Amino acid sequence: MSALARWCLRHRVLVVLLWVAALVGLGTASQLAGTKTNDSFSLPGTESTKAMNLLLRSMPAQSGASASVVWQADGDVRAPAVANHMKTALAGLARMDGVATMTSPYTRQGARQISADGHVAYASFTFTRQEQNLDKEAVQKFVDAARAARADGLRVEAGGNAVSAVERGSPGSSEIVGIVAAAVVLFIAFGSLMAMLLPIGIAIAGVGTGLMTVTLLTHVLDIGEIGPILGALIGLGVGIDYALFIVTRHRANLKAGMDVRASVVNAVETSGRAVLFAGGTVVIALLGLFVLGMSFLNGMAVASATTVVCTVLASVTLLPALLGLLGRRVLSRRERRRPAGHATGRGVWARWAGVVERRPVVLSVLAVALIAVLSLPVLSLRLGSSDAGNDPASSTTRKAYDMLADGFGPGFNGPLQLVAETPAPSDRTALEGLAAKLEGNAHVAAVNVLPARPGAALGIVQVVPKTSPQSKETADLIGHLRDHEIPAAERGTTLQVYVGGPTAIFDDFAEVITGKLPLFLGVIVALGFVLLLVAFRSVLVPLTAAVMNVIAAAASFGVVVAFFQYGWGSDPLGLGAAGPVEAFLPVIMLSILFGLSMDYQVFLVSRMHEEWVHTRDNRRAIAVGQAETGRVITAAATIMIAVFTAFAFGGQRVIGEFGIGLAAAVALDAFILRTVLVPAVMHLFGRANWWLPGWLDRILPRVSVEGPSGADEPERLQPIGA
């Protein structure tokens, strides 16, 4: 690391120019290539996937994305004026590019598409392609043409998964809001414009190169639209923090009397090593998603890990070069005038470290009690998927959703598709018998057997639940169909029926994720344990970190459940009505939280370990480590919280869940775990914190996070909190 820092200092202008060239080159290439995101995901072996594959093979026109045009009239939609007006509009929509089929309520086949009171009707459309392969411009033209059919006393809206694909909100100005909030925190922390701009500039350079690389990667890997957004969210947070840690160490060195060159080398040699280690753990945690074997999650992992790698590279190459160019201007004018080594007192963090040392039991109990309370909602965690009912009230998809729910009932927005293989003529009779039986089911609102050609080997039955797609009752109905109704209908026949459709797909997705969650959690906890074991040559330090990571995750999930599933925060703040937590949120959040928690653990404990190596005094090691890292960890956490919260209100419920969950997790981690619980528990453990069996010490590789012992003695500098 010191060799890298010296090279970057000697060639600082070249390093800056290389980064500028990389940004310009990647920017040009990504603009020319464009993005090719793919939101498809497969769930091998599940019923919903079998149903989809059958449709793709046998009835490709029925397997494409769907849309609906919904209209509501002040009078009866069957009135001649309304009917003639809508027939003309529907005929034009059916001829548009990409539309495969259309079923009108003004035909015998679509007679059920008019509500009982006659005020609401809809036409169903099927596109020739799946949602992820749609031409969004063509779909937008479809939506515009549908809404152009509005007239006095007639509301017309468009809904369905095809329309949702083009109406999804984007993070908008979330990045800018997060950067501005981070700038305010940095200026308060440093009191220097240059010191404020450096971490932000490094983060922008790292995230910029990362996202442009991800854009190019979409042409060779399956990366969904949410991947780059998630990458920007994580990259901005960690990028600013990593640069902040190095700049803070550099400023402390300068104030202690080091010259600029030696200070930069020392900062990279110590904090730079910690950044490299911390960034590596984040990347490993994210790539741990490959354990789950789902391409949808793999794309998210690659996008996020790529941005983190680029921010780490910017922190250990571009940042030293810029520090060399700026010299002592990273200090405020008042700090530059102050004599070298001048101290202004013990500082608030040194005093707080003393409080923790004196009251470890009481503080530990209070911290655990708070985390336990926040974790309680996680016991009722329900995984699923949000739908158009969570879209902004002004969107056409939400209006269409509400109109259908008013006219036909809440379950109409999430019909189930029973896709049946009917090789024998008697199988068709059995399928019709199943449909007739389901019409009497107390949880079913309507059953519709789609017409099929004579001798067709495939049949489709649409089942409309009485409850909304997000409700637990709908998930229970899917299970009841699969476990009881369908096996009874198949008995004694060659009929094979699979429950499919978007609602069933997401229900299967939640089940698959839940089943693999213990494996994933075990893998990332084990990896974290090994990394910290090697880094700090201690058994208790990684064990404590593993426990802390798990309880922090539980508390943050509890906040997400209360905020979104209970609706305590999402509804009042315009992030949608109460509903299930996105099925993939736990594994993504666990990987991110594991990495971020490791960041703070590394920065805190590496400073403690530094002092322990020199003094062999556990009490002093914990107090000095906490006093000298407390300010920078909480400042870094405040920046991350600002960035994550800004993304939470960027227009997408899914990103909102990530933003709120990560902001809560970082707040708990920095202000409760690393500030209170970890040092308190380490005081209680005493010298056992640094115990390692002799046989294990001999076989473990030697890796130093804080730098070679005795290099420039940075641990003797005045506390950062002073």
# chains A, B, ... in the order shown; residues from 1 in each chain; ligands from 1
>>> residues_around(residues="Val163 (chain A)", least_positions_apart="6", cutoff="12 Å", atoms="only C-alpha atoms", output="PyMOL selection string")
chain A and resi 65-69+125-127+130-132+134-144+146+157+387-388+391+395-398+400-401
>>> write_last_selection(atoms="C-alpha atoms", output="short mmCIF file (atom, residue, chain, number, x, y, z; two decimals), in the first residue's frame")
data_model
loop_
_atom_site.label_atom_id
_atom_site.label_comp_id
_atom_site.auth_asym_id
_atom_site.auth_seq_id
_atom_site.Cartn_x
_atom_site.Cartn_y
_atom_site.Cartn_z
CA ALA A 65 -46.78 -9.46 -21.23
CA SER A 66 -50.35 -8.37 -20.56
CA ALA A 67 -52.11 -5.04 -20.36
CA SER A 68 -55.62 -3.88 -19.75
CA VAL A 69 -57.51 -0.78 -20.81
CA PHE A 125 -54.42 -7.22 -24.33
CA THR A 126 -51.54 -9.65 -24.70
CA PHE A 127 -48.25 -8.56 -26.23
CA GLN A 130 -42.40 -10.83 -22.29
CA GLU A 131 -42.24 -7.73 -20.08
CA GLN A 132 -38.44 -7.53 -20.04
CA LEU A 134 -40.87 -5.04 -24.63
CA ASP A 135 -40.16 -1.95 -26.69
CA LYS A 136 -40.95 0.67 -24.07
CA GLU A 137 -41.60 3.37 -26.63
CA ALA A 138 -44.25 1.19 -28.28
CA VAL A 139 -45.90 0.51 -24.92
CA GLN A 140 -45.86 4.22 -24.09
CA LYS A 141 -47.62 4.93 -27.40
CA PHE A 142 -50.17 2.27 -26.44
CA VAL A 143 -50.77 4.00 -23.08
CA ASP A 144 -51.06 7.43 -24.69
CA ALA A 146 -55.64 4.47 -24.56
CA GLU A 157 -56.72 4.27 -17.87
CA ASP A 387 -48.05 -4.31 -7.42
CA ALA A 388 -49.84 -1.41 -9.06
CA ASP A 391 -47.91 2.92 -7.39
CA SER A 395 -50.16 7.07 -12.18
CA THR A 396 -52.38 5.45 -14.80
CA THR A 397 -51.56 1.96 -13.46
CA ARG A 398 -52.78 2.87 -9.96
CA ALA A 400 -56.67 1.41 -13.50
CA TYR A 401 -55.98 -0.86 -10.51
#
>>> select_by_dssp(residues="region 167-330 of chain A", states="alpha helix (DSSP H)", output="PyMOL selection string")
chain A and resi 167+174-190+193-217+226-255+260-267+273-287+295-313+319-326
>>> closest_residue(among="A:Asn689, A:Ser364, A:Thr128, A:Thr101", to="His609 (chain A)", atoms="only C-alpha atoms")
A:Asn689
>>> atom_distance(atom1="CA of Ala526 (chain A)", atom2="CA of Val605 (chain A)")
18.6 Å
>>> residues_around(residues="region 315-329 of chain A", least_positions_apart="3", cutoff="7 Å", atoms="only C-alpha atoms", output="PyMOL selection string")
chain A and resi 5+8-9+12+15-16+194+202+242-243+260-261+264+268+272+311-312+332
>>> residues_around(residues="Met598 (chain A)", least_positions_apart="3", cutoff="7 Å", atoms="only C-alpha atoms", output="PyMOL selection string")
chain A and resi 278+281+594-595+601-602
>>> atom_distance(atom1="CA of Ala627 (chain A)", atom2="CA of Val330 (chain A)")
22.1 Å
>>> select_by_dssp(residues="region 278-456 of chain A", states="strand (DSSP E or B)", output="PDB file with all heavy atoms, in the first residue's frame")
ATOM      1  N   LEU A 383     -43.110 -12.185   3.048  1.00  0.00           N
ATOM      2  CA  LEU A 383     -42.478 -11.864   1.772  1.00  0.00           C
ATOM      3  C   LEU A 383     -43.476 -11.980   0.634  1.00  0.00           C
ATOM      4  O   LEU A 383     -44.373 -12.813   0.663  1.00  0.00           O
ATOM      5  CB  LEU A 383     -41.287 -12.786   1.519  1.00  0.00           C
ATOM      6  CG  LEU A 383     -40.172 -12.753   2.565  1.00  0.00           C
ATOM      7  CD1 LEU A 383     -39.071 -13.729   2.191  1.00  0.00           C
ATOM      8  CD2 LEU A 383     -39.609 -11.353   2.725  1.00  0.00           C
ATOM      9  N   GLY A 384     -43.323 -11.145  -0.375  1.00  0.00           N
ATOM     10  CA  GLY A 384     -44.210 -11.169  -1.533  1.00  0.00           C
ATOM     11  C   GLY A 384     -43.729 -10.181  -2.562  1.00  0.00           C
ATOM     12  O   GLY A 384     -42.532 -10.020  -2.773  1.00  0.00           O
ATOM     13  N   LEU A 416     -55.100 -15.808 -11.073  1.00  0.00           N
ATOM     14  CA  LEU A 416     -54.222 -16.969 -11.161  1.00  0.00           C
ATOM     15  C   LEU A 416     -54.498 -17.678 -12.484  1.00  0.00           C
ATOM     16  O   LEU A 416     -55.639 -17.729 -12.944  1.00  0.00           O
ATOM     17  CB  LEU A 416     -54.470 -17.927 -10.001  1.00  0.00           C
ATOM     18  CG  LEU A 416     -54.396 -17.317  -8.592  1.00  0.00           C
ATOM     19  CD1 LEU A 416     -54.762 -18.371  -7.549  1.00  0.00           C
ATOM     20  CD2 LEU A 416     -53.027 -16.737  -8.324  1.00  0.00           C
ATOM     21  N   GLN A 417     -53.465 -18.218 -13.085  1.00  0.00           N
ATOM     22  CA  GLN A 417     -53.605 -18.969 -14.325  1.00  0.00           C
ATOM     23  C   GLN A 417     -53.369 -20.445 -14.039  1.00  0.00           C
ATOM     24  O   GLN A 417     -52.278 -20.827 -13.610  1.00  0.00           O
ATOM     25  CB  GLN A 417     -52.604 -18.494 -15.375  1.00  0.00           C
ATOM     26  CG  GLN A 417     -53.031 -17.266 -16.142  1.00  0.00           C
ATOM     27  CD  GLN A 417     -52.079 -16.963 -17.293  1.00  0.00           C
ATOM     28  OE1 GLN A 417     -50.904 -17.275 -17.224  1.00  0.00           O
ATOM     29  NE2 GLN A 417     -52.590 -16.364 -18.344  1.00  0.00           N
ATOM     30  N   LEU A 418     -54.382 -21.263 -14.270  1.00  0.00           N
ATOM     31  CA  LEU A 418     -54.205 -22.710 -14.183  1.00  0.00           C
ATOM     32  C   LEU A 418     -53.896 -23.196 -15.595  1.00  0.00           C
ATOM     33  O   LEU A 418     -54.762 -23.182 -16.475  1.00  0.00           O
ATOM     34  CB  LEU A 418     -55.465 -23.384 -13.646  1.00  0.00           C
ATOM     35  CG  LEU A 418     -56.023 -22.882 -12.311  1.00  0.00           C
ATOM     36  CD1 LEU A 418     -57.131 -23.808 -11.820  1.00  0.00           C
ATOM     37  CD2 LEU A 418     -54.932 -22.761 -11.263  1.00  0.00           C
ATOM     38  N   VAL A 419     -52.659 -23.564 -15.815  1.00  0.00           N
ATOM     39  CA  VAL A 419     -52.218 -24.037 -17.129  1.00  0.00           C
ATOM     40  C   VAL A 419     -52.180 -25.561 -17.081  1.00  0.00           C
ATOM     41  O   VAL A 419     -51.463 -26.138 -16.256  1.00  0.00           O
ATOM     42  CB  VAL A 419     -50.836 -23.465 -17.491  1.00  0.00           C
ATOM     43  CG1 VAL A 419     -50.414 -23.936 -18.876  1.00  0.00           C
ATOM     44  CG2 VAL A 419     -50.866 -21.945 -17.432  1.00  0.00           C
ATOM     45  N   ALA A 420     -52.963 -26.187 -17.950  1.00  0.00           N
ATOM     46  CA  ALA A 420     -53.144 -27.638 -17.854  1.00  0.00           C
ATOM     47  C   ALA A 420     -52.708 -28.342 -19.131  1.00  0.00           C
ATOM     48  O   ALA A 420     -53.002 -27.885 -20.245  1.00  0.00           O
ATOM     49  CB  ALA A 420     -54.614 -27.948 -17.577  1.00  0.00           C
ATOM     50  N   GLU A 421     -52.004 -29.440 -18.946  1.00  0.00           N
ATOM     51  CA  GLU A 421     -51.707 -30.349 -20.049  1.00  0.00           C
ATOM     52  C   GLU A 421     -52.871 -31.330 -20.162  1.00  0.00           C
ATOM     53  O   GLU A 421     -53.179 -32.045 -19.200  1.00  0.00           O
ATOM     54  CB  GLU A 421     -50.405 -31.092 -19.789  1.00  0.00           C
ATOM     55  CG  GLU A 421     -49.168 -30.202 -19.815  1.00  0.00           C
ATOM     56  CD  GLU A 421     -47.893 -30.985 -19.571  1.00  0.00           C
ATOM     57  OE1 GLU A 421     -47.627 -31.298 -18.400  1.00  0.00           O
ATOM     58  OE2 GLU A 421     -47.179 -31.273 -20.543  1.00  0.00           O
ATOM     59  N   VAL A 444     -62.859 -17.721  -3.978  1.00  0.00           N
ATOM     60  CA  VAL A 444     -62.739 -17.445  -5.406  1.00  0.00           C
ATOM     61  C   VAL A 444     -63.879 -16.550  -5.851  1.00  0.00           C
ATOM     62  O   VAL A 444     -65.057 -16.843  -5.594  1.00  0.00           O
ATOM     63  CB  VAL A 444     -62.731 -18.756  -6.226  1.00  0.00           C
ATOM     64  CG1 VAL A 444     -62.762 -18.465  -7.722  1.00  0.00           C
ATOM     65  CG2 VAL A 444     -61.493 -19.582  -5.878  1.00  0.00           C
ATOM     66  N   ALA A 445     -63.537 -15.454  -6.541  1.00  0.00           N
ATOM     67  CA  ALA A 445     -64.555 -14.512  -7.006  1.00  0.00           C
ATOM     68  C   ALA A 445     -65.107 -14.902  -8.370  1.00  0.00           C
ATOM     69  O   ALA A 445     -66.301 -14.735  -8.632  1.00  0.00           O
ATOM     70  CB  ALA A 445     -63.973 -13.103  -7.075  1.00  0.00           C
ATOM     71  N   ALA A 446     -64.259 -15.412  -9.259  1.00  0.00           N
ATOM     72  CA  ALA A 446     -64.703 -15.772 -10.610  1.00  0.00           C
ATOM     73  C   ALA A 446     -63.760 -16.795 -11.214  1.00  0.00           C
ATOM     74  O   ALA A 446     -62.573 -16.843 -10.881  1.00  0.00           O
ATOM     75  CB  ALA A 446     -64.776 -14.524 -11.494  1.00  0.00           C
ATOM     76  N   VAL A 447     -64.297 -17.608 -12.107  1.00  0.00           N
ATOM     77  CA  VAL A 447     -63.510 -18.611 -12.840  1.00  0.00           C
ATOM     78  C   VAL A 447     -63.859 -18.487 -14.310  1.00  0.00           C
ATOM     79  O   VAL A 447     -65.040 -18.427 -14.684  1.00  0.00           O
ATOM     80  CB  VAL A 447     -63.811 -20.039 -12.338  1.00  0.00           C
ATOM     81  CG1 VAL A 447     -62.996 -21.058 -13.126  1.00  0.00           C
ATOM     82  CG2 VAL A 447     -63.519 -20.167 -10.851  1.00  0.00           C
ATOM     83  N   ASN A 448     -62.835 -18.449 -15.158  1.00  0.00           N
ATOM     84  CA  ASN A 448     -63.052 -18.278 -16.587  1.00  0.00           C
ATOM     85  C   ASN A 448     -62.214 -19.300 -17.353  1.00  0.00           C
ATOM     86  O   ASN A 448     -60.983 -19.272 -17.293  1.00  0.00           O
ATOM     87  CB  ASN A 448     -62.678 -16.851 -17.009  1.00  0.00           C
ATOM     88  CG  ASN A 448     -62.940 -16.594 -18.476  1.00  0.00           C
ATOM     89  OD1 ASN A 448     -63.772 -17.249 -19.088  1.00  0.00           O
ATOM     90  ND2 ASN A 448     -62.219 -15.644 -19.044  1.00  0.00           N
ATOM     91  N   VAL A 449     -62.878 -20.225 -18.054  1.00  0.00           N
ATOM     92  CA  VAL A 449     -62.174 -21.214 -18.883  1.00  0.00           C
ATOM     93  C   VAL A 449     -61.957 -20.593 -20.261  1.00  0.00           C
ATOM     94  O   VAL A 449     -62.923 -20.300 -20.979  1.00  0.00           O
ATOM     95  CB  VAL A 449     -62.981 -22.514 -19.012  1.00  0.00           C
ATOM     96  CG1 VAL A 449     -62.207 -23.534 -19.859  1.00  0.00           C
ATOM     97  CG2 VAL A 449     -63.293 -23.090 -17.639  1.00  0.00           C
TER      98      VAL A 449
END
